[in-house]
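Everything below belongs to protein07.cif, which stores mmCIF, C-alpha atoms.
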```
data_upload
#
loop_
_atom_site.group_PDB
_atom_site.id
_atom_site.type_symbol
_atom_site.label_atom_id
_atom_site.label_comp_id
_atom_site.auth_asym_id
_atom_site.auth_seq_id
_atom_site.Cartn_x
_atom_site.Cartn_y
_atom_site.Cartn_z
ATOM 1 C CA MET A 2 63.436 -58.117 -32.189
ATOM 2 C CA GLU A 3 65.138 -59.633 -29.172
ATOM 3 C CA ASN A 4 61.789 -60.250 -27.549
ATOM 4 C CA ASN A 5 60.561 -61.983 -30.684
ATOM 5 C CA LEU A 6 63.558 -64.311 -30.685
ATOM 6 C CA ASN A 7 63.059 -65.100 -27.022
ATOM 7 C CA ASP A 8 59.433 -65.907 -27.735
ATOM 8 C CA ILE A 9 60.392 -68.425 -30.431
ATOM 9 C CA PHE A 10 63.166 -70.103 -28.405
ATOM 10 C CA LYS A 11 62.493 -69.870 -24.699
ATOM 11 C CA LEU A 12 65.636 -71.890 -24.057
ATOM 12 C CA GLU A 13 68.725 -69.785 -24.540
ATOM 13 C CA MET A 14 72.410 -70.603 -24.785
ATOM 14 C CA SER A 15 73.290 -69.051 -21.429
ATOM 15 C CA PRO A 16 76.923 -68.562 -20.313
ATOM 16 C CA LYS A 17 76.615 -71.563 -17.932
ATOM 17 C CA LEU A 18 75.223 -73.768 -20.707
ATOM 18 C CA LYS A 19 78.054 -72.680 -23.029
ATOM 19 C CA GLU A 20 80.679 -73.335 -20.350
ATOM 20 C CA ASP A 21 79.315 -76.821 -19.539
ATOM 21 C CA LEU A 22 78.943 -77.713 -23.215
ATOM 22 C CA ARG A 23 82.511 -76.576 -23.893
ATOM 23 C CA ALA A 24 83.816 -78.715 -20.996
ATOM 24 C CA ALA A 25 81.747 -81.699 -22.193
ATOM 25 C CA ALA A 26 83.152 -81.221 -25.709
ATOM 26 C CA THR A 27 86.752 -81.018 -24.444
ATOM 27 C CA TRP A 28 86.381 -84.151 -22.320
ATOM 28 C CA GLY A 29 84.490 -85.847 -25.152
ATOM 29 C CA ARG A 30 87.541 -85.341 -27.353
ATOM 30 C CA ILE A 31 89.845 -86.657 -24.609
ATOM 31 C CA ILE A 32 87.645 -89.771 -24.163
ATOM 32 C CA ALA A 33 87.606 -90.323 -27.937
ATOM 33 C CA ILE A 34 91.414 -90.088 -28.187
ATOM 34 C CA MET A 35 91.805 -92.400 -25.154
ATOM 35 C CA GLY A 36 89.303 -94.827 -26.691
ATOM 36 C CA LEU A 37 91.128 -94.884 -30.015
ATOM 37 C CA CYS A 38 94.475 -95.429 -28.242
ATOM 38 C CA SER A 39 92.921 -98.224 -26.122
ATOM 39 C CA ALA A 40 91.540 -99.865 -29.273
ATOM 40 C CA ALA A 41 95.002 -99.753 -30.885
ATOM 41 C CA LEU A 42 96.600 -101.143 -27.700
ATOM 42 C CA SER A 43 94.114 -103.989 -27.347
ATOM 43 C CA LEU A 44 94.630 -104.785 -31.041
ATOM 44 C CA ILE A 45 98.397 -105.092 -30.480
ATOM 45 C CA VAL A 46 97.902 -107.196 -27.306
ATOM 46 C CA SER A 47 95.400 -109.487 -29.084
ATOM 47 C CA ILE A 48 97.675 -109.905 -32.121
ATOM 48 C CA THR A 49 100.513 -111.041 -29.813
ATOM 49 C CA ARG A 50 98.109 -113.628 -28.372
ATOM 50 C CA GLY A 51 96.846 -114.775 -31.786
ATOM 51 C CA ALA A 52 93.213 -113.599 -31.561
ATOM 52 C CA VAL A 53 93.388 -111.341 -34.616
ATOM 53 C CA LEU A 54 89.842 -111.546 -36.055
ATOM 54 C CA SER A 55 87.930 -110.757 -32.834
ATOM 55 C CA ALA A 56 90.413 -107.975 -32.031
ATOM 56 C CA LEU A 57 89.917 -106.451 -35.484
ATOM 57 C CA ILE A 58 86.124 -106.482 -35.086
ATOM 58 C CA VAL A 59 86.296 -104.872 -31.621
ATOM 59 C CA ALA A 60 88.821 -102.261 -32.836
ATOM 60 C CA ALA A 61 86.682 -101.411 -35.895
ATOM 61 C CA ILE A 62 83.562 -100.933 -33.719
ATOM 62 C CA SER A 63 85.543 -98.803 -31.229
ATOM 63 C CA VAL A 64 86.912 -96.564 -34.000
ATOM 64 C CA PHE A 65 83.390 -96.180 -35.439
ATOM 65 C CA ILE A 66 81.936 -95.163 -32.037
ATOM 66 C CA TYR A 67 84.738 -92.853 -30.895
ATOM 67 C CA LEU A 68 84.884 -91.002 -34.215
ATOM 68 C CA TYR A 69 81.375 -89.676 -33.533
ATOM 69 C CA LEU A 70 82.358 -88.591 -30.008
ATOM 70 C CA PHE A 71 85.437 -86.872 -31.454
ATOM 71 C CA LYS A 72 83.237 -85.172 -34.057
ATOM 72 C CA PHE A 73 80.924 -83.929 -31.286
ATOM 73 C CA GLY A 74 83.900 -82.533 -29.358
ATOM 74 C CA ASN A 75 85.373 -80.790 -32.388
ATOM 75 C CA GLU A 76 82.142 -79.383 -33.800
ATOM 76 C CA ALA A 77 80.676 -78.202 -30.483
ATOM 77 C CA LYS A 78 83.928 -76.488 -29.478
ATOM 78 C CA LYS A 79 84.296 -74.796 -32.871
ATOM 79 C CA ALA A 80 80.613 -73.770 -32.846
ATOM 80 C CA LEU A 81 80.978 -72.155 -29.415
ATOM 81 C CA ASP A 82 84.137 -70.337 -30.507
ATOM 82 C CA THR A 83 82.659 -68.996 -33.752
ATOM 83 C CA ASN A 84 78.961 -68.731 -32.727
ATOM 84 C CA ASP A 85 78.041 -71.077 -35.584
ATOM 85 C CA GLN A 86 74.512 -72.430 -34.998
ATOM 86 C CA GLN A 87 74.651 -75.022 -37.791
ATOM 87 C CA LEU A 88 77.924 -76.450 -36.513
ATOM 88 C CA LEU A 89 76.484 -76.653 -32.974
ATOM 89 C CA ASN A 90 73.516 -78.627 -34.285
ATOM 90 C CA GLU A 91 75.862 -80.944 -36.217
ATOM 91 C CA GLY A 92 77.813 -81.496 -32.994
ATOM 92 C CA LEU A 93 74.658 -82.389 -31.089
ATOM 93 C CA LEU A 94 73.690 -84.734 -33.929
ATOM 94 C CA SER A 95 77.084 -86.469 -33.579
ATOM 95 C CA LEU A 96 76.492 -86.801 -29.817
ATOM 96 C CA ARG A 97 73.094 -88.373 -30.502
ATOM 97 C CA THR A 98 74.651 -90.799 -33.013
ATOM 98 C CA TYR A 99 77.377 -91.739 -30.499
ATOM 99 C CA PHE A 100 74.852 -92.667 -27.794
ATOM 100 C CA LYS A 101 72.565 -94.310 -30.367
ATOM 101 C CA ILE A 102 75.358 -96.636 -31.538
ATOM 102 C CA LEU A 103 76.233 -97.426 -27.897
ATOM 103 C CA GLY A 104 72.571 -98.230 -27.219
ATOM 104 C CA VAL A 105 72.237 -100.457 -30.297
ATOM 105 C CA ILE A 106 75.440 -102.340 -29.370
ATOM 106 C CA MET A 107 74.023 -102.791 -25.865
ATOM 107 C CA ILE A 108 70.768 -104.218 -27.291
ATOM 108 C CA ILE A 109 72.763 -106.667 -29.466
ATOM 109 C CA VAL A 110 74.880 -107.773 -26.466
ATOM 110 C CA ILE A 111 71.726 -108.265 -24.322
ATOM 111 C CA ILE A 112 70.101 -110.380 -27.085
ATOM 112 C CA ILE A 113 73.265 -112.513 -27.422
ATOM 113 C CA CYS A 114 73.418 -113.007 -23.612
ATOM 114 C CA VAL A 115 69.724 -113.965 -23.392
ATOM 115 C CA LEU A 116 70.140 -116.403 -26.324
ATOM 116 C CA ALA A 117 73.251 -117.921 -24.687
ATOM 117 C CA ILE A 118 71.355 -118.429 -21.401
ATOM 118 C CA VAL A 119 68.362 -119.963 -23.231
ATOM 119 C CA PHE A 120 70.605 -122.321 -25.244
ATOM 120 C CA ALA A 121 72.525 -123.308 -22.092
ATOM 121 C CA MET A 122 69.259 -124.068 -20.275
ATOM 122 C CA VAL A 123 67.877 -126.058 -23.213
ATOM 123 C CA GLY A 124 71.180 -127.949 -23.460
ATOM 124 C CA ALA A 125 71.117 -128.752 -19.750
ATOM 125 C CA MET A 126 67.496 -129.902 -19.958
ATOM 126 C CA ILE A 127 68.250 -132.200 -22.934
ATOM 127 C CA LYS A 128 71.217 -133.686 -21.048
ATOM 128 C CA PHE A 129 69.063 -134.206 -17.956
ATOM 129 C CA MET B 1 70.476 -51.655 -32.984
ATOM 130 C CA GLU B 2 73.845 -53.218 -32.370
ATOM 131 C CA ASP B 3 72.425 -55.255 -29.496
ATOM 132 C CA GLN B 4 69.535 -56.411 -31.646
ATOM 133 C CA SER B 5 71.770 -57.562 -34.502
ATOM 134 C CA SER B 6 74.209 -59.305 -32.152
ATOM 135 C CA SER B 7 71.335 -61.197 -30.491
ATOM 136 C CA LEU B 8 70.405 -62.473 -33.948
ATOM 137 C CA PHE B 9 73.802 -64.155 -34.276
ATOM 138 C CA GLU B 10 73.909 -65.530 -30.730
ATOM 139 C CA LEU B 11 73.733 -69.301 -30.385
ATOM 140 C CA GLN B 12 70.256 -70.610 -29.633
ATOM 141 C CA VAL B 13 68.885 -73.891 -28.435
ATOM 142 C CA ASP B 14 66.787 -73.990 -31.607
ATOM 143 C CA GLU B 15 64.310 -76.610 -32.791
ATOM 144 C CA SER B 16 66.943 -78.898 -34.353
ATOM 145 C CA ALA B 17 69.151 -78.707 -31.248
ATOM 146 C CA GLN B 18 66.140 -79.523 -29.061
ATOM 147 C CA THR B 19 65.189 -82.484 -31.268
ATOM 148 C CA TYR B 20 68.757 -83.898 -31.207
ATOM 149 C CA LEU B 21 69.039 -83.407 -27.440
ATOM 150 C CA ARG B 22 65.642 -85.074 -26.841
ATOM 151 C CA ASP B 23 66.659 -88.058 -29.026
ATOM 152 C CA THR B 24 69.969 -88.270 -27.153
ATOM 153 C CA THR B 25 68.167 -88.423 -23.792
ATOM 154 C CA LYS B 26 66.093 -91.422 -24.980
ATOM 155 C CA TRP B 27 69.249 -93.415 -25.674
ATOM 156 C CA THR B 28 71.128 -92.256 -22.579
ATOM 157 C CA ARG B 29 68.104 -93.228 -20.458
ATOM 158 C CA PHE B 30 68.132 -96.726 -21.965
ATOM 159 C CA ILE B 31 71.911 -97.020 -21.486
ATOM 160 C CA SER B 32 71.777 -95.893 -17.845
ATOM 161 C CA ILE B 33 68.885 -98.262 -16.999
ATOM 162 C CA THR B 34 70.882 -101.139 -18.538
ATOM 163 C CA TYR B 35 73.939 -100.113 -16.480
ATOM 164 C CA TYR B 36 71.812 -100.038 -13.291
ATOM 165 C CA VAL B 37 70.522 -103.571 -13.991
ATOM 166 C CA LEU B 38 74.065 -104.755 -14.740
ATOM 167 C CA MET B 39 75.348 -103.272 -11.474
ATOM 168 C CA GLY B 40 72.474 -104.853 -9.557
ATOM 169 C CA LEU B 41 73.387 -108.251 -11.026
ATOM 170 C CA MET B 42 77.056 -107.725 -10.133
ATOM 171 C CA VAL B 43 76.199 -106.840 -6.521
ATOM 172 C CA PHE B 44 73.914 -109.903 -6.350
ATOM 173 C CA PHE B 45 76.662 -112.270 -7.583
ATOM 174 C CA LEU B 46 79.255 -110.657 -5.299
ATOM 175 C CA LEU B 47 76.995 -111.167 -2.278
ATOM 176 C CA ILE B 48 76.434 -114.812 -3.275
ATOM 177 C CA MET B 49 80.205 -115.237 -3.672
ATOM 178 C CA LEU B 50 80.783 -113.760 -0.198
ATOM 179 C CA MET B 51 78.084 -115.980 1.305
ATOM 180 C CA PHE B 52 79.683 -119.105 -0.141
ATOM 181 C CA LYS B 53 83.340 -118.106 0.344
ATOM 182 C CA ASP B 54 83.868 -120.812 2.988
ATOM 183 C CA PHE B 55 82.435 -123.388 0.606
ATOM 184 C CA VAL B 56 84.843 -122.265 -2.165
ATOM 185 C CA ALA B 57 87.796 -122.365 0.246
ATOM 186 C CA THR B 58 86.851 -125.924 1.314
ATOM 187 C CA ALA B 59 86.477 -127.008 -2.320
ATOM 188 C CA PHE B 60 89.937 -125.594 -3.064
ATOM 189 C CA SER B 61 91.539 -127.415 -0.112
ATOM 190 C CA GLN B 62 89.922 -130.748 -1.051
ATOM 191 C CA ASN B 63 91.052 -130.599 -4.697
ATOM 192 C CA PRO B 64 94.565 -132.099 -5.085
ATOM 193 C CA THR B 65 95.589 -129.604 -7.804
ATOM 194 C CA LEU B 66 94.097 -126.493 -6.192
ATOM 195 C CA SER B 67 94.935 -127.319 -2.576
ATOM 196 C CA ARG B 68 98.209 -125.341 -2.719
ATOM 197 C CA PHE B 69 96.133 -122.199 -3.425
ATOM 198 C CA SER B 70 93.690 -122.903 -0.594
ATOM 199 C CA THR B 71 95.641 -120.912 2.020
ATOM 200 C CA GLY B 72 93.972 -117.511 2.278
ATOM 201 C CA THR B 73 91.355 -118.185 -0.423
ATOM 202 C CA GLY B 74 88.633 -116.666 1.787
ATOM 203 C CA MET B 75 90.733 -113.537 2.315
ATOM 204 C CA ILE B 76 91.414 -113.198 -1.438
ATOM 205 C CA ILE B 77 87.665 -113.435 -2.112
ATOM 206 C CA ILE B 78 86.963 -110.671 0.454
ATOM 207 C CA ILE B 79 89.664 -108.372 -1.036
ATOM 208 C CA PHE B 80 88.328 -109.050 -4.556
ATOM 209 C CA ALA B 81 84.777 -108.230 -3.370
ATOM 210 C CA ILE B 82 85.924 -104.944 -1.742
ATOM 211 C CA ILE B 83 87.703 -103.868 -4.967
ATOM 212 C CA MET B 84 84.610 -104.780 -6.978
ATOM 213 C CA PHE B 85 82.302 -102.845 -4.622
ATOM 214 C CA VAL B 86 84.508 -99.723 -4.975
ATOM 215 C CA ALA B 87 84.475 -100.118 -8.789
ATOM 216 C CA ILE B 88 80.672 -100.501 -8.739
ATOM 217 C CA ALA B 89 80.338 -97.374 -6.545
ATOM 218 C CA VAL B 90 82.369 -95.317 -9.067
ATOM 219 C CA PHE B 91 80.372 -96.780 -11.948
ATOM 220 C CA LEU B 92 77.154 -95.945 -10.059
ATOM 221 C CA LEU B 93 78.234 -92.294 -9.841
ATOM 222 C CA VAL B 94 78.909 -92.180 -13.608
ATOM 223 C CA THR B 95 75.567 -93.825 -14.395
ATOM 224 C CA TYR B 96 73.718 -91.465 -12.029
ATOM 225 C CA GLN B 97 75.141 -88.490 -13.951
ATOM 226 C CA LEU B 98 74.037 -89.983 -17.274
ATOM 227 C CA MET B 99 70.539 -90.638 -15.894
ATOM 228 C CA ARG B 100 70.397 -87.094 -14.496
ATOM 229 C CA PHE B 101 71.386 -85.740 -17.912
ATOM 230 C CA SER B 102 68.519 -87.746 -19.461
ATOM 231 C CA THR B 103 65.809 -86.686 -17.011
ATOM 232 C CA GLN B 104 66.794 -83.033 -16.565
ATOM 233 C CA THR B 105 67.475 -82.317 -20.250
ATOM 234 C CA LYS B 106 64.181 -83.940 -21.268
ATOM 235 C CA LYS B 107 62.362 -81.930 -18.587
ATOM 236 C CA GLY B 108 64.140 -78.757 -19.726
ATOM 237 C CA ILE B 109 63.098 -79.225 -23.350
ATOM 238 C CA ASP B 110 59.547 -80.464 -22.713
ATOM 239 C CA GLN B 111 58.733 -77.708 -20.219
ATOM 240 C CA GLN B 112 61.029 -75.086 -21.805
ATOM 241 C CA ASN B 113 62.768 -74.889 -18.421
ATOM 242 C CA GLN B 114 66.175 -73.203 -18.665
ATOM 243 C CA ASP B 115 67.347 -74.304 -15.180
ATOM 244 C CA ALA B 116 66.577 -77.977 -15.855
ATOM 245 C CA LEU B 117 68.378 -77.840 -19.218
ATOM 246 C CA GLU B 118 71.445 -76.279 -17.575
ATOM 247 C CA MET B 119 71.374 -78.941 -14.856
ATOM 248 C CA GLY B 120 71.126 -81.666 -17.516
ATOM 249 C CA VAL B 121 74.048 -80.387 -19.591
ATOM 250 C CA GLY B 122 76.016 -79.902 -16.339
ATOM 251 C CA SER B 123 75.486 -83.616 -15.618
ATOM 252 C CA LEU B 124 76.659 -84.477 -19.145
ATOM 253 C CA LYS B 125 79.835 -82.529 -18.411
ATOM 254 C CA THR B 126 80.368 -84.391 -15.099
ATOM 255 C CA TYR B 127 79.704 -87.714 -16.879
ATOM 256 C CA MET B 128 82.296 -86.854 -19.534
ATOM 257 C CA VAL B 129 84.871 -85.714 -16.929
ATOM 258 C CA ILE B 130 84.556 -88.884 -14.781
ATOM 259 C CA SER B 131 84.533 -91.119 -17.879
ATOM 260 C CA GLY B 132 87.619 -89.307 -19.181
ATOM 261 C CA ILE B 133 89.537 -89.797 -15.933
ATOM 262 C CA LEU B 134 88.519 -93.489 -15.864
ATOM 263 C CA GLY B 135 89.608 -93.753 -19.503
ATOM 264 C CA ILE B 136 93.053 -92.323 -18.671
ATOM 265 C CA ILE B 137 93.437 -94.821 -15.778
ATOM 266 C CA GLY B 138 92.295 -97.673 -18.071
ATOM 267 C CA LEU B 139 94.757 -96.655 -20.764
ATOM 268 C CA LEU B 140 97.594 -96.560 -18.204
ATOM 269 C CA PHE B 141 96.734 -100.127 -17.156
ATOM 270 C CA GLY B 142 96.688 -101.114 -20.854
ATOM 271 C CA VAL B 143 100.158 -99.648 -21.406
ATOM 272 C CA ILE B 144 101.472 -101.479 -18.305
ATOM 273 C CA GLN B 145 99.960 -104.724 -19.633
ATOM 274 C CA LEU B 146 101.585 -104.177 -23.037
ATOM 275 C CA ILE B 147 104.977 -103.497 -21.431
ATOM 276 C CA ALA B 148 104.591 -106.678 -19.347
ATOM 277 C CA ILE B 149 103.874 -108.723 -22.502
ATOM 278 C CA LEU B 150 106.742 -107.246 -24.517
#
```
Can the structure in the file be given as structure tokens, please?
Amino acid sequence: MENNLNDIFKLEMSPKLKEDLRAAATWGRIIAIMGLCSAALSLIVSITRGAVLSALIVAAISVFIYLYLFKFGNEAKKALDTNDQQLLNEGLLSLRTYFKILGVIMIIVIIICVLAIVFAMVGAMIKF
Amino acid sequence: MEDQSSSLFELQVDESAQTYLRDTTKWTRFISITYYVLMGLMVFFLLIMLMFKDFVATAFSQNPTLSRFSTGTGMIIIIFAIIMFVAIAVFLLVTYQLMRFSTQTKKGIDQQNQDALEMGVGSLKTYMVISGILGIIGLLFGVIQLIAIL
């Protein structure tokens, strides 16, 4: 039976893999809590300076991103403690979503930067 | 019998886990390449700034409003550049770990290589640890800034 299982999944959840995943989950939770606190802090700082709308948007995006990282931390840790395969997979799905959102935000920022450079160049050319 | 039944309930890197991990590596690869390009641009602009530091200092001294800041402008630029280079070096280490996670985990899953997968997840752990420590330092600076404002 054991041999059959090993044949289906050649990759196993070895003690080292478990240990590293547990550490990643713990630090993932710490990063998420830090991120949420930073978002709250920057919101307070921005409100004191009067830039409420942009601060709200940034804080909302931060909360959205860090919630997935927090979910990964929670689910992966619980899955390793209780040997729950489904919960482990849900945790890995949350990790994927976290990096996916980061990647999409990065693409949007790159597009905005490229557009800003193009508009600046066109503006300079028209002026010239 | 007991061993057989316990192995049934052991955690596995099953098909779903492999799919999620492979998808994750695609995004982390993209993110780390973008970070590398960003760091390259930062180094490029820092080098340009260092090359033209004398020009900036002269411009400061010739401007009536900025002339009072002109003393030591070149030195300030050098100190700023050193701080930035250290920050880039730390950021490079974080990005290297993320890239290593992407390449090793993908290799581990594609070739069903246990060692590569372990190396990849180990890099994810290191990435999380360094990012966490940087996050704590960042938060401390944020709190100091808030106290300064209030």
Next item on the list: Using all atoms listed in the file, find the one residue out of A:Val115, A:Leu89, A:Ile127, A:Ser55 that sits nearest to chain B.
Entry: A:Leu89
List every residue of chain A that has an atom at most 8 Å from any atom of chain B, giving for each one its closest atom pair and the distance in Å to one decimal, counting only C-alpha atoms, sorted by chain and then by ascending residue number, as a Markdown table.
```
| residue | atom | partner | partner_atom | distance |
| --- | --- | --- | --- | --- |
| A:Met2 | CA | B:Gln4 | CA | 6.4 |
| A:Glu3 | CA | B:Gln4 | CA | 6.0 |
| A:Leu6 | CA | B:Leu8 | CA | 7.8 |
| A:Phe10 | CA | B:Asp14 | CA | 6.2 |
| A:Lys11 | CA | B:Gln112 | CA | 6.1 |
| A:Leu12 | CA | B:Gln114 | CA | 5.6 |
| A:Glu13 | CA | B:Gln12 | CA | 5.4 |
| A:Met14 | CA | B:Gln12 | CA | 5.3 |
| A:Lys17 | CA | B:Glu118 | CA | 7.0 |
| A:Leu18 | CA | B:Glu118 | CA | 5.5 |
| A:Asp21 | CA | B:Gly122 | CA | 5.5 |
| A:Leu22 | CA | B:Val121 | CA | 6.7 |
| A:Ala24 | CA | B:Lys125 | CA | 6.1 |
| A:Ala25 | CA | B:Lys125 | CA | 4.3 |
| A:Trp28 | CA | B:Met128 | CA | 5.6 |
| A:Gly29 | CA | B:Met128 | CA | 6.1 |
| A:Ile31 | CA | B:Gly132 | CA | 6.4 |
| A:Ile32 | CA | B:Gly132 | CA | 5.0 |
| A:Met35 | CA | B:Gly135 | CA | 6.2 |
| A:Gly36 | CA | B:Gly135 | CA | 7.3 |
| A:Cys38 | CA | B:Leu139 | CA | 7.6 |
| A:Ser39 | CA | B:Leu139 | CA | 5.9 |
| A:Leu42 | CA | B:Gly142 | CA | 6.8 |
| A:Ser43 | CA | B:Gly142 | CA | 7.6 |
| A:Val46 | CA | B:Leu146 | CA | 6.4 |
| A:Leu81 | CA | B:Leu11 | CA | 7.8 |
| A:Asn84 | CA | B:Leu11 | CA | 5.8 |
| A:Asp85 | CA | B:Leu11 | CA | 7.0 |
| A:Gln86 | CA | B:Leu11 | CA | 5.6 |
| A:Leu89 | CA | B:Ala17 | CA | 7.8 |
| A:Asn90 | CA | B:Ala17 | CA | 5.3 |
| A:Leu93 | CA | B:Tyr20 | CA | 6.1 |
| A:Leu94 | CA | B:Tyr20 | CA | 5.7 |
| A:Leu96 | CA | B:Thr24 | CA | 7.2 |
| A:Arg97 | CA | B:Thr24 | CA | 4.6 |
| A:Thr98 | CA | B:Thr24 | CA | 7.9 |
| A:Phe100 | CA | B:Trp27 | CA | 6.0 |
| A:Lys101 | CA | B:Trp27 | CA | 5.8 |
| A:Leu103 | CA | B:Ile31 | CA | 7.7 |
| A:Gly104 | CA | B:Ile31 | CA | 5.9 |
| A:Met107 | CA | B:Ile31 | CA | 7.5 |
```
Expected axis-aligned box over every listed atom of region 120-125 of chain B, 5 Å added per side, centre plus edges in Å to one decimal, as lines of an AutoDock Vina configuration file:
```
center_x = 75.5
center_y = -82.2
center_z = -17.6
size_x = 18.7
size_y = 14.6
size_z = 14.0
```
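Put simply, CA of Met39 (chain B) is 18.2 Å away from CA of Ile78 (chain B).
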Nearby residues (only C-alpha atoms) at most 7 Å from Tyr99 (chain A), same-chain spacing under 4 positions excluded, as a CSV table (one decimal) with C-alpha atoms, in the coordinates of the input:
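The resulting out-v2.csv:
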```
chain,number,residue,atom,x,y,z
A,66,ILE,CA,81.9,-95.2,-32.0
A,69,TYR,CA,81.4,-89.7,-33.5
A,70,LEU,CA,82.4,-88.6,-30.0
A,95,SER,CA,77.1,-86.5,-33.6
A,103,LEU,CA,76.2,-97.4,-27.9
```
Notebook entry, point to check: In Å to one decimal, how far is CA of Phe60 (chain B) from CA of Ala117 (chain A)?
Noted result: 28.4 Å
Notebook entry, point to check: Separation of CA of Phe85 (chain B) and CA of Ala33 (chain A), in Å?
Noted result: 27.0 Å
Checklist line | region 42-53 of chain B environment, 12 Å, all atoms listed in the file, sequence neighbours closer than 2 positions dropped, as a ChimeraX atom specification | finding: /B:35-40,55-60,70,72-89,91-92
